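A.B. asks: There's a structure below that I have some questions on.
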Amino acid sequence: MSDDLAISGLSKRFGTIRVLAGLDLTAPAGALTALIGRSGCGKTTVLRLVAGFDRPDAGTVAVGGRDLGPLPAHQRRIGYVTQHGDLFPHLTVAGNITFGLPWRRRDRRTVDDLLDLVGLDRAHARRFPHQLSGGEQQRVALARALAPAPDLVLLDEPFSALDADLRAETRRAVTSALRETGTTTVLVTHDQAEALSLADRVALLRDGRVVQAGTPHELYRQPADRWVAAFVGELSSVPALLSGDHADSLLGRVALPRPRHGAGTVVVRPEQITLDGTVGAVVLAVDFHGHDGLVRLRVDPTDGPPFEVMARAAGHLLPVPGERTGLRLSGTALDATADDSAEVPLTGDQLAPSIRSVRPVRDP
Ligand SMILES: Nc1ncnc2c1ncn2[C@@H]1O[C@H](COP(=O)(O)OP(=O)(O)OP(=O)(O)O)[C@@H](O)[C@H]1O
């Protein structure tokens, strides 16, 4: 089992651009932490500062309590895998894997063990990088990174250059090798779904800092704010009457994460809106993903303005644009906002007329 990574107050400017502004992040020992954020927010910069390829303007990086600041990159005991693997083209797989090892460890057994670990046939040892698929090259790159038993592995978008088939298979092989060795890992990815499905913890960068770090479930279901909520998934806002621990929306009742009162809106995920309800809506567009799909719908309440929502449905049950369907909302809202956001409970006449009676539109 390797050690934890602790980053504290990390700051970095490139000319006039301030990329990191006192970033704090802990990556627990033996776990896979995904670093996500908008393009250009500084994810790769964090990895490069941790690896020692660049110097921070301020802040500290420690692994297992050991301050890496004074150490050059080659003494940090960190493995780094890039988007394209960057294998040495003139060396065989065996040569690549054992490149950074002392001579006494550059043997057949070491190579075989590492190929086994990343799920590659031992016969690949004699091949050159151009004789491997992109996914195989990434596995060799990981084997090379793991060969010296580093304290920490940094993965910078290692799957993004692979096509869908190879990506799934390579992800499985790479994460299983990392788990088997118990290596502390930080994965940079621009793919939120990849982060949520692979990582033990996810850290989201914004404005040079970590805006939220937690389990994938925490980021998805208990986002720190509306921006985080929208970054890790789709959202829908539904008009509702907020009544303490629950809200009666036009599509049905939901629980509230924090007590709220008054007329307002609840914010929910698309999978909380199912197409098996009684509230009439018109399908505007369908985004087909194979196994499931996102459906954009318009609801026309009898006593309020129309509004749009997103629902998720199984791929084989998707409606077509123009179709009428019935909606139902359930579960717990991510968030709720009262129109008058003062936290004074509102009752009766104080409520907006459009919501005073929460009357869903039913199809005849
Ligand atoms: N060596 C450099 N010199 C000048 N600017 C740089 C340098 N390296 C990075 N930057 C800038 O710093 C910002 C952050 O870059 P970085 O590559 O860390 O972002 P990122 O989140 O990894 O982006 P992406 O998701 O697009 O790969 C960008 O605006 C980039 O142009």
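Labeling convention for the structure tokens: chains A, B, ... as they appear, residues from 1 per chain, ligands from 1 in order of appearance.
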Counting only C-alpha atoms and all ligand atoms, which residues of chain A fall within 10 Å of ligand 1, and what is the closest atom pair for each with its distance in Å at one decimal, ordered by chain and rising number, as a Markdown table?

C.D. replies:
```
| residue | atom | partner | partner_atom_place_in_ligand_line | distance |
| --- | --- | --- | --- | --- |
| A:Lys12 | CA | ligand 1 | 12 (O) | 8.8 |
| A:Arg13 | CA | ligand 1 | 12 (O) | 7.8 |
| A:Phe14 | CA | ligand 1 | 4 (C) | 4.7 |
| A:Gly15 | CA | ligand 1 | 4 (C) | 6.8 |
| A:Thr16 | CA | ligand 1 | 5 (N) | 9.2 |
| A:Ile17 | CA | ligand 1 | 12 (O) | 7.1 |
| A:Arg18 | CA | ligand 1 | 12 (O) | 7.8 |
| A:Val19 | CA | ligand 1 | 13 (C) | 5.5 |
| A:Leu20 | CA | ligand 1 | 14 (C) | 8.4 |
| A:Leu35 | CA | ligand 1 | 21 (O) | 9.1 |
| A:Ile36 | CA | ligand 1 | 21 (O) | 7.8 |
| A:Gly37 | CA | ligand 1 | 21 (O) | 6.4 |
| A:Arg38 | CA | ligand 1 | 25 (O) | 6.1 |
| A:Ser39 | CA | ligand 1 | 25 (O) | 3.5 |
| A:Gly40 | CA | ligand 1 | 23 (O) | 3.4 |
| A:Cys41 | CA | ligand 1 | 21 (O) | 3.9 |
| A:Gly42 | CA | ligand 1 | 18 (O) | 3.2 |
| A:Lys43 | CA | ligand 1 | 21 (O) | 3.9 |
| A:Thr44 | CA | ligand 1 | 22 (O) | 3.7 |
| A:Thr45 | CA | ligand 1 | 18 (O) | 3.7 |
| A:Val46 | CA | ligand 1 | 18 (O) | 6.6 |
| A:Leu47 | CA | ligand 1 | 18 (O) | 8.1 |
| A:Arg48 | CA | ligand 1 | 18 (O) | 8.3 |
| A:Leu49 | CA | ligand 1 | 18 (O) | 9.8 |
| A:Asp54 | CA | ligand 1 | 1 (N) | 8.5 |
| A:Gln83 | CA | ligand 1 | 27 (O) | 9.9 |
| A:Asp156 | CA | ligand 1 | 22 (O) | 8.2 |
| A:Glu157 | CA | ligand 1 | 27 (O) | 8.0 |
| A:Val188 | CA | ligand 1 | 22 (O) | 7.6 |
| A:Thr189 | CA | ligand 1 | 25 (O) | 7.3 |
| A:His190 | CA | ligand 1 | 25 (O) | 5.8 |
| A:Asp191 | CA | ligand 1 | 25 (O) | 9.6 |
| A:Leu205 | CA | ligand 1 | 21 (O) | 8.4 |
| A:Arg206 | CA | ligand 1 | 21 (O) | 9.6 |
| A:Gly208 | CA | ligand 1 | 14 (C) | 9.2 |
```

A.B. asks: What are the DSSP alpha helix (DSSP H) residues of segment 99-342 of chain A, as a ChimeraX atom specification?

C.D. replies: /A:108-117,134-146,164-181,192-198,216-221,226-231

A.B. asks: Skipping near chain neighbours, those fewer than 3 positions away, what residues fall within 8 Å of segment 239-244 of chain A using only C-alpha atoms, listed as number ranges by chain?

C.D. replies: A: 247-250, 256, 258-266, 336, 338, 355-356, 358

A.B. asks: If you measure from atom CA of Leu275 of chain A to atom CA of Pro306 of chain A, what distance in Å do you get, rounded to one decimal?

C.D. replies: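 Those two atoms sit 18.0 Å apart.
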
A.B. asks: Excluding Ala147 of chain A and its own-chain neighbours fewer than 5 positions away, which residues fall within 9 Å of it when counting only C-alpha atoms? Please give them as a ChimeraX atom specification.

C.D. replies: /A:79,97-98,100-101,110-111,114,142

A.B. asks: Near Thr92 of chain A, counting only C-alpha atoms, which residues have an atom at most 9 Å away, once you skip same-chain residues fewer than 4 positions from it, shown as number ranges by chain?

C.D. replies: A: 88, 96-97, 124-129

A.B. asks: Between atom CA of Pro148 of chain A and atom CA of Phe99 of chain A, what is the distance in Å, rounded to a tenth?

C.D. replies: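 Value for the atom CA of Pro148 of chain A-atom CA of Phe99 of chain A distance: 9.7 Å.
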